[in-house]
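Here is the file query-v7.cif (mmCIF, C-alpha atoms).
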```cif
data_run
loop_
_atom_site.group_PDB
_atom_site.id
_atom_site.type_symbol
_atom_site.label_atom_id
_atom_site.label_comp_id
_atom_site.auth_asym_id
_atom_site.auth_seq_id
_atom_site.Cartn_x
_atom_site.Cartn_y
_atom_site.Cartn_z
ATOM 1 C CA MET W 1 124.770 108.990 116.897
ATOM 2 C CA LYS W 2 125.382 107.731 113.373
ATOM 3 C CA ILE W 3 124.884 104.106 112.449
ATOM 4 C CA SER W 4 125.562 102.582 109.067
ATOM 5 C CA ALA W 5 123.865 99.633 107.483
ATOM 6 C CA ILE W 6 124.797 97.672 104.387
ATOM 7 C CA ILE W 7 122.118 95.772 102.491
ATOM 8 C CA THR W 8 123.278 93.006 100.173
ATOM 9 C CA LEU W 9 121.455 90.575 97.920
ATOM 10 C CA LYS W 10 121.374 86.995 99.153
ATOM 11 C CA LYS W 11 123.689 84.538 97.438
ATOM 12 C CA ASP W 12 121.065 82.802 95.283
ATOM 13 C CA VAL W 13 119.391 85.977 94.034
ATOM 14 C CA LEU W 14 120.266 87.027 90.498
ATOM 15 C CA ASP W 15 121.896 90.472 90.355
ATOM 16 C CA PRO W 16 121.758 91.591 86.705
ATOM 17 C CA GLN W 17 123.180 95.022 87.564
ATOM 18 C CA GLY W 18 126.177 93.443 89.273
ATOM 19 C CA LYS W 19 126.677 91.249 86.214
ATOM 20 C CA VAL W 20 126.652 94.222 83.843
ATOM 21 C CA ILE W 21 129.101 96.100 86.067
ATOM 22 C CA HIS W 22 131.336 93.044 86.084
ATOM 23 C CA LYS W 23 131.209 92.841 82.277
ATOM 24 C CA THR W 24 131.975 96.549 81.921
ATOM 25 C CA LEU W 25 134.919 96.303 84.309
ATOM 26 C CA ASP W 26 136.167 93.389 82.265
ATOM 27 C CA GLY W 27 135.847 95.441 79.089
ATOM 28 C CA MET W 28 137.815 98.266 80.718
ATOM 29 C CA GLY W 29 140.688 95.925 81.366
ATOM 30 C CA PHE W 30 139.998 94.867 84.957
ATOM 31 C CA LYS W 31 140.528 91.208 84.194
ATOM 32 C CA ASP W 32 140.976 89.977 87.773
ATOM 33 C CA VAL W 33 137.348 90.391 88.860
ATOM 34 C CA ASN W 34 135.620 87.164 89.898
ATOM 35 C CA GLY W 35 132.213 88.686 90.491
ATOM 36 C CA VAL W 36 130.326 91.886 91.400
ATOM 37 C CA ARG W 37 127.258 92.152 93.597
ATOM 38 C CA GLN W 38 125.556 95.516 93.983
ATOM 39 C CA GLY W 39 124.056 96.531 97.321
ATOM 40 C CA LYS W 40 122.843 99.541 99.308
ATOM 41 C CA TYR W 41 124.467 101.621 102.006
ATOM 42 C CA PHE W 42 122.629 103.719 104.585
ATOM 43 C CA GLU W 43 123.929 106.259 107.088
ATOM 44 C CA ILE W 44 121.342 106.864 109.739
ATOM 45 C CA ASP W 45 121.638 109.604 112.311
ATOM 46 C CA VAL W 46 119.584 108.560 115.343
ATOM 47 C CA ASN W 47 118.718 110.555 118.389
ATOM 48 C CA GLU W 48 120.262 107.993 120.746
ATOM 49 C CA ASN W 49 123.704 108.002 122.337
ATOM 50 C CA ASP W 50 123.794 104.485 123.716
ATOM 51 C CA PRO W 51 125.559 102.402 121.002
ATOM 52 C CA THR W 52 123.676 99.191 121.782
ATOM 53 C CA LYS W 53 120.309 100.952 121.732
ATOM 54 C CA ALA W 54 121.205 102.864 118.560
ATOM 55 C CA ARG W 55 122.224 99.653 116.807
ATOM 56 C CA GLY W 56 119.027 97.995 118.005
ATOM 57 C CA LEU W 57 116.991 100.847 116.569
ATOM 58 C CA VAL W 58 118.665 100.591 113.159
ATOM 59 C CA GLU W 59 118.332 96.830 113.226
ATOM 60 C CA ASP W 60 114.595 97.258 113.725
ATOM 61 C CA MET W 61 114.506 99.662 110.743
ATOM 62 C CA CYS W 62 116.397 97.129 108.644
ATOM 63 C CA LYS W 63 113.898 94.412 109.497
ATOM 64 C CA LYS W 64 110.798 96.532 108.981
ATOM 65 C CA LEU W 65 111.654 98.698 105.964
ATOM 66 C CA LEU W 66 115.225 98.890 104.692
ATOM 67 C CA THR W 67 115.601 95.198 103.869
ATOM 68 C CA ASN W 68 113.350 92.730 102.118
ATOM 69 C CA LEU W 69 114.430 89.610 103.942
ATOM 70 C CA VAL W 70 113.239 87.318 101.148
ATOM 71 C CA ILE W 71 116.098 88.494 98.942
ATOM 72 C CA GLU W 72 118.387 90.667 101.050
ATOM 73 C CA ASN W 73 120.616 90.528 104.116
ATOM 74 C CA TYR W 74 121.609 93.482 106.269
ATOM 75 C CA LYS W 75 124.729 94.179 108.215
ATOM 76 C CA ILE W 76 125.217 96.977 110.683
ATOM 77 C CA ILE W 77 128.807 97.865 110.049
ATOM 78 C CA GLU W 78 129.837 100.899 111.999
ATOM 79 C CA THR W 79 129.056 102.870 115.093
ATOM 80 C CA GLN W 80 130.435 106.327 115.577
ATOM 81 C CA MET A 1 79.093 96.575 93.725
ATOM 82 C CA LYS A 2 81.467 98.934 95.460
ATOM 83 C CA SER A 3 85.145 99.221 94.699
ATOM 84 C CA SER A 4 87.988 101.411 95.918
ATOM 85 C CA VAL A 5 91.151 102.325 94.054
ATOM 86 C CA ILE A 6 93.998 103.571 96.232
ATOM 87 C CA THR A 7 96.049 106.458 94.870
ATOM 88 C CA PHE A 8 99.619 106.686 96.126
ATOM 89 C CA PRO A 9 101.972 109.521 95.250
ATOM 90 C CA GLY A 10 103.291 108.339 91.886
ATOM 91 C CA SER A 11 100.388 106.036 90.973
ATOM 92 C CA ASN A 12 99.549 106.557 87.309
ATOM 93 C CA CYS A 13 97.112 103.783 86.408
ATOM 94 C CA ASP A 14 94.614 104.719 89.109
ATOM 95 C CA ARG A 15 92.406 106.707 86.734
ATOM 96 C CA ASP A 16 92.504 103.987 84.056
ATOM 97 C CA MET A 17 91.401 101.488 86.684
ATOM 98 C CA ASP A 18 88.607 103.851 87.790
ATOM 99 C CA VAL A 19 87.390 104.108 84.167
ATOM 100 C CA ALA A 20 87.544 100.319 83.731
ATOM 101 C CA LEU A 21 85.716 99.518 86.978
ATOM 102 C CA LYS A 22 82.953 102.047 86.262
ATOM 103 C CA LYS A 23 82.568 100.837 82.686
ATOM 104 C CA PHE A 24 81.670 97.365 83.938
ATOM 105 C CA GLY A 25 79.320 98.483 86.685
ATOM 106 C CA PHE A 26 81.353 99.087 89.806
ATOM 107 C CA ASN A 27 80.536 102.061 91.963
ATOM 108 C CA ASN A 28 84.161 103.082 92.388
ATOM 109 C CA LYS A 29 85.723 105.487 94.858
ATOM 110 C CA MET A 30 89.252 106.876 94.710
ATOM 111 C CA VAL A 31 90.995 106.670 98.078
ATOM 112 C CA TRP A 32 94.046 108.715 99.031
ATOM 113 C CA HIS A 33 97.012 106.848 100.569
ATOM 114 C CA ASP A 34 97.046 109.126 103.598
ATOM 115 C CA ASP A 35 93.459 108.248 104.553
ATOM 116 C CA ILE A 36 93.007 105.861 107.426
ATOM 117 C CA GLU A 37 89.546 104.453 106.761
ATOM 118 C CA LEU A 38 88.685 102.383 103.732
ATOM 119 C CA PRO A 39 85.180 103.084 102.341
ATOM 120 C CA LYS A 40 82.843 100.105 102.373
ATOM 121 C CA SER A 41 84.076 98.013 99.443
ATOM 122 C CA ASP A 42 83.563 94.677 97.713
ATOM 123 C CA LEU A 43 86.900 95.071 95.949
ATOM 124 C CA VAL A 44 90.030 97.122 96.674
ATOM 125 C CA VAL A 45 92.509 97.778 93.880
ATOM 126 C CA LEU A 46 96.136 98.840 94.245
ATOM 127 C CA PRO A 47 96.874 100.361 90.838
ATOM 128 C CA GLY A 48 99.989 100.484 88.695
ATOM 129 C CA GLY A 49 102.478 103.313 88.588
ATOM 130 C CA PHE A 50 105.628 104.337 90.361
ATOM 131 C CA SER A 51 104.562 104.930 93.943
ATOM 132 C CA TYR A 52 107.116 107.035 95.828
ATOM 133 C CA GLY A 53 109.291 107.092 92.710
ATOM 134 C CA ASP A 54 110.131 103.411 93.250
ATOM 135 C CA TYR A 55 112.545 104.565 95.975
ATOM 136 C CA LEU A 56 114.299 101.919 98.103
ATOM 137 C CA ARG A 57 112.432 98.988 96.517
ATOM 138 C CA CYS A 58 109.343 99.219 94.297
ATOM 139 C CA GLY A 59 106.255 99.312 96.491
ATOM 140 C CA SER A 60 108.177 99.338 99.779
ATOM 141 C CA MET A 61 107.189 102.853 100.879
ATOM 142 C CA ALA A 62 103.599 102.520 99.696
ATOM 143 C CA SER A 63 103.252 99.294 101.677
ATOM 144 C CA LYS A 64 103.854 101.319 104.863
ATOM 145 C CA SER A 65 101.422 104.144 104.050
ATOM 146 C CA LYS A 66 98.480 104.858 106.362
ATOM 147 C CA ILE A 67 95.709 103.337 104.254
ATOM 148 C CA MET A 68 97.599 100.045 103.918
ATOM 149 C CA GLN A 69 96.793 98.959 107.464
ATOM 150 C CA SER A 70 93.087 99.109 106.550
ATOM 151 C CA VAL A 71 93.774 97.314 103.269
ATOM 152 C CA ILE A 72 95.677 94.584 105.120
ATOM 153 C CA ASN A 73 92.860 94.212 107.669
ATOM 154 C CA PHE A 74 90.320 94.091 104.826
ATOM 155 C CA ALA A 75 92.340 91.364 103.085
ATOM 156 C CA LYS A 76 92.799 89.402 106.316
ATOM 157 C CA SER A 77 89.031 89.436 106.855
ATOM 158 C CA GLY A 78 88.521 87.883 103.405
ATOM 159 C CA GLY A 79 87.969 91.043 101.317
ATOM 160 C CA LEU A 80 89.025 91.024 97.666
ATOM 161 C CA VAL A 81 92.245 92.940 97.061
ATOM 162 C CA MET A 82 93.788 93.099 93.609
ATOM 163 C CA GLY A 83 97.207 94.621 92.902
ATOM 164 C CA ILE A 84 98.226 95.362 89.319
ATOM 165 C CA CYS A 85 101.862 95.994 88.389
ATOM 166 C CA ASN A 86 103.110 98.448 91.041
ATOM 167 C CA GLY A 87 100.086 97.300 93.045
ATOM 168 C CA PHE A 88 101.495 93.743 92.874
ATOM 169 C CA GLN A 89 104.829 95.095 94.117
ATOM 170 C CA ILE A 90 103.001 96.786 97.016
ATOM 171 C CA LEU A 91 101.234 93.496 97.816
ATOM 172 C CA VAL A 92 104.508 91.552 98.053
ATOM 173 C CA GLU A 93 106.089 94.285 100.156
ATOM 174 C CA SER A 94 103.073 94.202 102.477
ATOM 175 C CA GLY A 95 103.422 90.457 102.853
ATOM 176 C CA LEU A 96 99.888 89.877 101.531
ATOM 177 C CA VAL A 97 101.243 87.616 98.799
ATOM 178 C CA PRO A 98 104.539 85.714 98.956
ATOM 179 C CA GLY A 99 107.740 86.444 97.015
ATOM 180 C CA VAL A 100 109.280 89.593 95.547
ATOM 181 C CA LEU A 101 109.548 91.331 92.181
ATOM 182 C CA LEU A 102 113.115 91.862 91.058
ATOM 183 C CA ARG A 103 114.534 93.962 88.260
ATOM 184 C CA ASN A 104 113.765 92.436 84.831
ATOM 185 C CA LYS A 105 116.346 89.869 83.828
ATOM 186 C CA TYR A 106 117.705 91.845 80.864
ATOM 187 C CA LEU A 107 117.535 95.226 82.661
ATOM 188 C CA GLU A 108 115.041 96.613 80.168
ATOM 189 C CA PHE A 109 111.796 98.420 80.821
ATOM 190 C CA ILE A 110 109.304 96.183 79.012
ATOM 191 C CA CYS A 111 106.201 97.694 77.440
ATOM 192 C CA LYS A 112 104.295 95.304 75.183
ATOM 193 C CA ASN A 113 101.373 92.931 74.856
ATOM 194 C CA VAL A 114 101.835 89.436 76.242
ATOM 195 C CA PHE A 115 99.727 86.298 76.509
ATOM 196 C CA VAL A 116 98.926 84.859 79.894
ATOM 197 C CA LYS A 117 97.337 81.568 80.797
ATOM 198 C CA ILE A 118 95.010 81.189 83.732
ATOM 199 C CA ASN A 119 96.218 78.487 86.072
ATOM 200 C CA ASN A 120 93.552 78.380 88.708
ATOM 201 C CA LYS A 121 89.859 79.216 88.285
ATOM 202 C CA ASP A 122 88.768 78.194 91.740
ATOM 203 C CA ASN A 123 88.637 81.772 93.021
ATOM 204 C CA PRO A 124 86.445 84.886 92.764
ATOM 205 C CA TYR A 125 88.636 86.457 90.065
ATOM 206 C CA PHE A 126 88.632 83.782 87.367
ATOM 207 C CA LYS A 127 85.687 81.539 88.301
ATOM 208 C CA ASN A 128 83.286 80.990 85.336
ATOM 209 C CA LEU A 129 85.675 82.312 82.685
ATOM 210 C CA ASN A 130 85.343 80.211 79.541
ATOM 211 C CA LYS A 131 88.683 81.355 78.185
ATOM 212 C CA GLU A 132 92.151 80.200 79.202
ATOM 213 C CA VAL A 133 94.559 82.464 77.338
ATOM 214 C CA PHE A 134 94.351 86.249 77.569
ATOM 215 C CA GLU A 135 96.222 88.936 75.708
ATOM 216 C CA LEU A 136 97.108 91.691 78.152
ATOM 217 C CA HIS A 137 99.555 94.581 78.358
ATOM 218 C CA ILE A 138 102.650 94.770 80.547
ATOM 219 C CA ALA A 139 104.758 97.842 81.297
ATOM 220 C CA HIS A 140 107.347 97.395 84.001
ATOM 221 C CA ASN A 141 110.981 97.442 84.993
ATOM 222 C CA GLU A 142 110.680 95.206 88.064
ATOM 223 C CA GLY A 143 108.395 92.319 87.199
ATOM 224 C CA ASN A 144 110.797 89.434 87.596
ATOM 225 C CA TYR A 145 108.928 87.290 90.110
ATOM 226 C CA PHE A 146 111.196 85.556 92.579
ATOM 227 C CA CYS A 147 110.672 83.466 95.676
ATOM 228 C CA THR A 148 112.680 80.947 97.650
ATOM 229 C CA ARG A 149 112.527 77.267 96.742
ATOM 230 C CA ASP A 150 110.500 76.545 99.886
ATOM 231 C CA GLN A 151 108.058 79.340 99.051
ATOM 232 C CA LEU A 152 107.712 78.081 95.479
ATOM 233 C CA LYS A 153 106.864 74.615 96.721
ATOM 234 C CA GLU A 154 104.332 76.083 99.121
ATOM 235 C CA ILE A 155 102.620 78.265 96.508
ATOM 236 C CA GLU A 156 102.502 75.348 94.073
ATOM 237 C CA ASP A 157 101.124 72.991 96.722
ATOM 238 C CA ASN A 158 98.438 75.540 97.625
ATOM 239 C CA ASN A 159 97.630 76.226 93.965
ATOM 240 C CA GLN A 160 98.457 79.920 94.437
ATOM 241 C CA ILE A 161 99.818 80.578 90.946
ATOM 242 C CA ALA A 162 97.181 82.686 89.204
ATOM 243 C CA ILE A 163 98.613 83.225 85.720
ATOM 244 C CA TYR A 164 101.650 82.253 83.670
ATOM 245 C CA TYR A 165 103.261 84.054 80.737
ATOM 246 C CA CYS A 166 102.671 81.936 77.637
ATOM 247 C CA ASN A 167 102.397 82.100 73.858
ATOM 248 C CA ASP A 168 99.127 82.531 71.951
ATOM 249 C CA ASN A 169 98.552 78.779 72.213
ATOM 250 C CA GLY A 170 98.878 78.814 75.967
ATOM 251 C CA GLU A 171 102.271 77.095 76.042
ATOM 252 C CA THR A 172 104.306 78.333 78.991
ATOM 253 C CA LYS A 173 107.814 78.108 77.620
ATOM 254 C CA GLU A 174 110.885 80.148 78.506
ATOM 255 C CA ILE A 175 110.661 82.035 75.186
ATOM 256 C CA SER A 176 107.365 83.582 76.336
ATOM 257 C CA ASN A 177 108.886 84.729 79.624
ATOM 258 C CA PRO A 178 109.416 88.483 79.209
ATOM 259 C CA ASN A 179 111.257 89.298 82.414
ATOM 260 C CA GLY A 180 112.886 86.219 83.934
ATOM 261 C CA SER A 181 110.109 85.343 86.402
ATOM 262 C CA ILE A 182 110.469 81.953 88.079
ATOM 263 C CA ASN A 183 108.459 79.341 86.100
ATOM 264 C CA ASN A 184 106.887 82.113 83.939
ATOM 265 C CA ILE A 185 104.793 83.325 86.890
ATOM 266 C CA ALA A 186 102.880 86.505 85.995
ATOM 267 C CA GLY A 187 100.494 86.616 88.940
ATOM 268 C CA ILE A 188 99.837 84.906 92.253
ATOM 269 C CA PHE A 189 97.207 84.619 94.955
ATOM 270 C CA ASN A 190 97.498 84.532 98.703
ATOM 271 C CA LYS A 191 96.674 81.195 100.292
ATOM 272 C CA GLU A 192 92.983 82.034 100.643
ATOM 273 C CA LYS A 193 92.735 83.312 96.986
ATOM 274 C CA ASN A 194 91.067 86.581 97.954
ATOM 275 C CA VAL A 195 94.220 88.587 97.207
ATOM 276 C CA LEU A 196 95.521 88.641 93.641
ATOM 277 C CA GLY A 197 98.735 90.285 92.465
ATOM 278 C CA MET A 198 99.675 90.374 88.797
ATOM 279 C CA MET A 199 101.975 92.322 86.496
ATOM 280 C CA PRO A 200 99.689 92.556 83.403
ATOM 281 C CA HIS A 201 97.178 95.417 83.154
ATOM 282 C CA PRO A 202 93.615 94.253 82.385
ATOM 283 C CA GLU A 203 92.438 97.884 82.619
ATOM 284 C CA ARG A 204 94.393 98.648 79.439
ATOM 285 C CA MET A 205 92.424 96.109 77.417
ATOM 286 C CA ILE A 206 88.869 97.334 77.692
ATOM 287 C CA ASP A 207 88.371 99.025 74.330
ATOM 288 C CA GLN A 208 88.662 97.363 70.935
ATOM 289 C CA SER A 209 89.542 100.625 69.213
ATOM 290 C CA LEU A 210 92.490 101.203 71.538
ATOM 291 C CA SER A 211 93.921 97.800 72.299
ATOM 292 C CA GLY A 212 91.734 94.775 72.756
ATOM 293 C CA GLU A 213 88.891 93.409 74.794
ATOM 294 C CA ASP A 214 90.462 90.689 76.919
ATOM 295 C CA GLY A 215 90.411 93.015 79.936
ATOM 296 C CA SER A 216 86.672 93.558 79.363
ATOM 297 C CA ILE A 217 86.090 89.812 79.602
ATOM 298 C CA PHE A 218 87.961 89.753 82.906
ATOM 299 C CA PHE A 219 86.097 92.717 84.468
ATOM 300 C CA LYS A 220 82.638 91.577 83.277
ATOM 301 C CA ASN A 221 83.249 88.169 84.784
ATOM 302 C CA LEU A 222 84.665 89.655 87.993
ATOM 303 C CA ILE A 223 81.626 91.811 88.733
ATOM 304 C CA ASN A 224 79.315 88.861 88.030
ATOM 305 C CA ASN A 225 81.310 86.715 90.430
ATOM 306 C CA ILE A 226 81.117 89.327 93.181
ATOM 307 C CA LYS A 227 77.340 89.999 92.807
#
```
In structure tokens, write the structure found in this file.
Amino acid sequence: MKISAIITLKKDVLDPQGKVIHKTLDGMGFKDVNGVRQGKYFEIDVNENDPTKARGLVEDMCKKLLTNLVIENYKIIETQ
Amino acid sequence: MKSSVITFPGSNCDRDMDVALKKFGFNNKMVWHDDIELPKSDLVVLPGGFSYGDYLRCGSMASKSKIMQSVINFAKSGGLVMGICNGFQILVESGLVPGVLLRNKYLEFICKNVFVKINNKDNPYFKNLNKEVFELHIAHNEGNYFCTRDQLKEIEDNNQIAIYYCNDNGETKEISNPNGSINNIAGIFNKEKNVLGMMPHPERMIDQSLSGEDGSIFFKNLINNIK
């Protein structure tokens, strides 16, 4: 079963890449952008068909490797 | 005095560190990341480089490699562990020192000489040094030290800040901060001060004809402190 996880920077952490993207968008004419934060997206195919167990597995991966909890949050967004 | 330098896939300052340690009297061994046992050591060094291509987050993969469990146990039992540059990133990812290293504030890879000021000499690394300001080399893309406000208070209260970026007079002002690090922090200790992580490379300053000798002063003092 495939589980997706989104990793985002916490609110107080500076995201220079997001800032540059925001500036570039502004320069391209996208004037209605209030802010951009860049994150990471993972699709993980696990050998587990129980949705709760599969989510639990990916959550464990998020805590132990995929996320640095000092600066990042994770969100498991989709189960298919 | 015995030392071990860990080589991860993508480490590129491991040999420089080996040369530096041997030059000042260490009996150094190179240790592969996939090994499980650490040789008997008085000092373990995690060298600079780009372990695992900096994938995911710098140092994150290396911090989970097989040898790291032994390094963590060694550190927890009081052994000296020093992480330089990517080695510092591996230390924060392992949880051996607090905080993280973010992308440099101005998104540039920085490669230049900087001055750093020693903040705390009550530890095996800087004890007995009769010099406060060192000129050392930095070369990194993710050296922007960050920690939460609570962590910052804790590391300040425990005197865990090892070195600050400064000017040649030792003044730690924003203008001498190359990468956006909180409070100009260039290196920190764990609570017990046996683990040191820092972005500057002392191993690149051990030869007057190439660069400078401030690294030599550091290594000579270090081996004397360990003896």
With all atoms listed in the file counted and 10 Å as the cut-off, give the residues of chain W in contact with chain A, each with its shortest interatomic distance in Å and the pair that gives it, as CSV.
```
residue,atom,partner,partner_atom,distance
W:Asp12,CA,A:Thr148,CA,8.9
W:Val13,CA,A:Phe146,CA,8.3
W:Leu14,CA,A:Lys105,CA,8.2
W:Asp15,CA,A:Arg103,CA,8.4
W:Pro16,CA,A:Lys105,CA,6.4
W:Gln17,CA,A:Leu107,CA,7.5
W:Val20,CA,A:Leu107,CA,9.2
W:Lys40,CA,A:Leu56,CA,9.0
W:Lys64,CA,A:Lys64,CA,9.4
W:Leu65,CA,A:Ser60,CA,7.1
W:Leu66,CA,A:Leu56,CA,7.3
W:Thr67,CA,A:Arg57,CA,8.9
W:Asn68,CA,A:Glu93,CA,7.7
W:Leu69,CA,A:Val100,CA,9.8
W:Val70,CA,A:Gly99,CA,6.9
W:Ile71,CA,A:Val100,CA,7.7
```
The PyMOL selection byres ((chain W and resi 22) around 12) applied to the shown file, residues as a PyMOL selection string | chain W and resi 15-21+23-38
Would you mind reading off the distance between CA of Glu72 in chain W and CA of Lys193 in chain A, one decimal, in Å?
->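 Distance reported for this atom pair: 27.0 Å.
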Distance criterion (only C-alpha atoms): nearest to Lys11 in chain W out of W:Ile44, W:Thr79, W:Gly39, W:Asp50 =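 Smallest separation from Lys11 in chain W among the options: W:Gly39.
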Apply the PyMOL selection byres ((chain A and resi 73) around 12) to the structure shown and report the selected residues as JSON, numbers by chain.
-> {"A": [36, 37, 38, 44, 67, 68, 69, 70, 71, 72, 74, 75, 76, 77, 78, 79, 80, 81, 94, 96, 195]}
Mind telling me what the PyMOL selection byres ((chain W and resi 57) around 12) catches here, as an mmCIF file with C-alpha atoms, keeping the file's coordinate frame?
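In the end it all went to part_7.cif:
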```cif
data_model
loop_
_atom_site.group_PDB
_atom_site.id
_atom_site.type_symbol
_atom_site.label_atom_id
_atom_site.label_comp_id
_atom_site.auth_asym_id
_atom_site.auth_seq_id
_atom_site.Cartn_x
_atom_site.Cartn_y
_atom_site.Cartn_z
ATOM 1 C CA MET W 1 124.770 108.990 116.897
ATOM 2 C CA LYS W 2 125.382 107.731 113.373
ATOM 3 C CA ILE W 3 124.884 104.106 112.449
ATOM 4 C CA SER W 4 125.562 102.582 109.067
ATOM 5 C CA ALA W 5 123.865 99.633 107.483
ATOM 6 C CA ILE W 44 121.342 106.864 109.739
ATOM 7 C CA ASP W 45 121.638 109.604 112.311
ATOM 8 C CA VAL W 46 119.584 108.560 115.343
ATOM 9 C CA ASN W 47 118.718 110.555 118.389
ATOM 10 C CA GLU W 48 120.262 107.993 120.746
ATOM 11 C CA ASN W 49 123.704 108.002 122.337
ATOM 12 C CA ASP W 50 123.794 104.485 123.716
ATOM 13 C CA PRO W 51 125.559 102.402 121.002
ATOM 14 C CA THR W 52 123.676 99.191 121.782
ATOM 15 C CA LYS W 53 120.309 100.952 121.732
ATOM 16 C CA ALA W 54 121.205 102.864 118.560
ATOM 17 C CA ARG W 55 122.224 99.653 116.807
ATOM 18 C CA GLY W 56 119.027 97.995 118.005
ATOM 19 C CA VAL W 58 118.665 100.591 113.159
ATOM 20 C CA GLU W 59 118.332 96.830 113.226
ATOM 21 C CA ASP W 60 114.595 97.258 113.725
ATOM 22 C CA MET W 61 114.506 99.662 110.743
ATOM 23 C CA CYS W 62 116.397 97.129 108.644
ATOM 24 C CA LYS W 63 113.898 94.412 109.497
ATOM 25 C CA LYS W 64 110.798 96.532 108.981
ATOM 26 C CA ILE W 76 125.217 96.977 110.683
#
```
Work out how far CA of Val114 in chain A is from CA of Gly212 in chain A, in Å to one decimal.
->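 Atom-to-atom, CA of Gly212 in chain A and CA of Val114 in chain A are spaced 11.9 Å apart.
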Report the distance between CA of Leu43 in chain A and CA of Glu156 in chain A in Å, rounded to one decimal place.
->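 A separation of 25.2 Å between them.
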Close residues, range 82-86 of chain A itself excluded, 6 Å, all atoms listed in the file, min 4 positions apart in chain, as a PDB file with C-alpha atoms, keeping the file's coordinate frame:
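File produced: out.pdb:
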```pdb
ATOM      1  CA  VAL A  45      92.509  97.778  93.880  1.00  0.00           C
ATOM      2  CA  LEU A  46      96.136  98.840  94.245  1.00  0.00           C
ATOM      3  CA  PRO A  47      96.874 100.361  90.838  1.00  0.00           C
ATOM      4  CA  GLY A  48      99.989 100.484  88.695  1.00  0.00           C
ATOM      5  CA  GLY A  49     102.478 103.313  88.588  1.00  0.00           C
ATOM      6  CA  VAL A 195      94.220  88.587  97.207  1.00  0.00           C
ATOM      7  CA  LEU A 196      95.521  88.641  93.641  1.00  0.00           C
ATOM      8  CA  GLY A 197      98.735  90.285  92.465  1.00  0.00           C
ATOM      9  CA  MET A 198      99.675  90.374  88.797  1.00  0.00           C
ATOM     10  CA  MET A 199     101.975  92.322  86.496  1.00  0.00           C
TER      11      MET A 199
END
```
Which polymer residues have any atom within 8 Å of an atom of Lys112 in chain A, counting only C-alpha atoms, with same-chain residues fewer than 6 positions away left out, as an NGL selection string?
-> :A and (137-139)
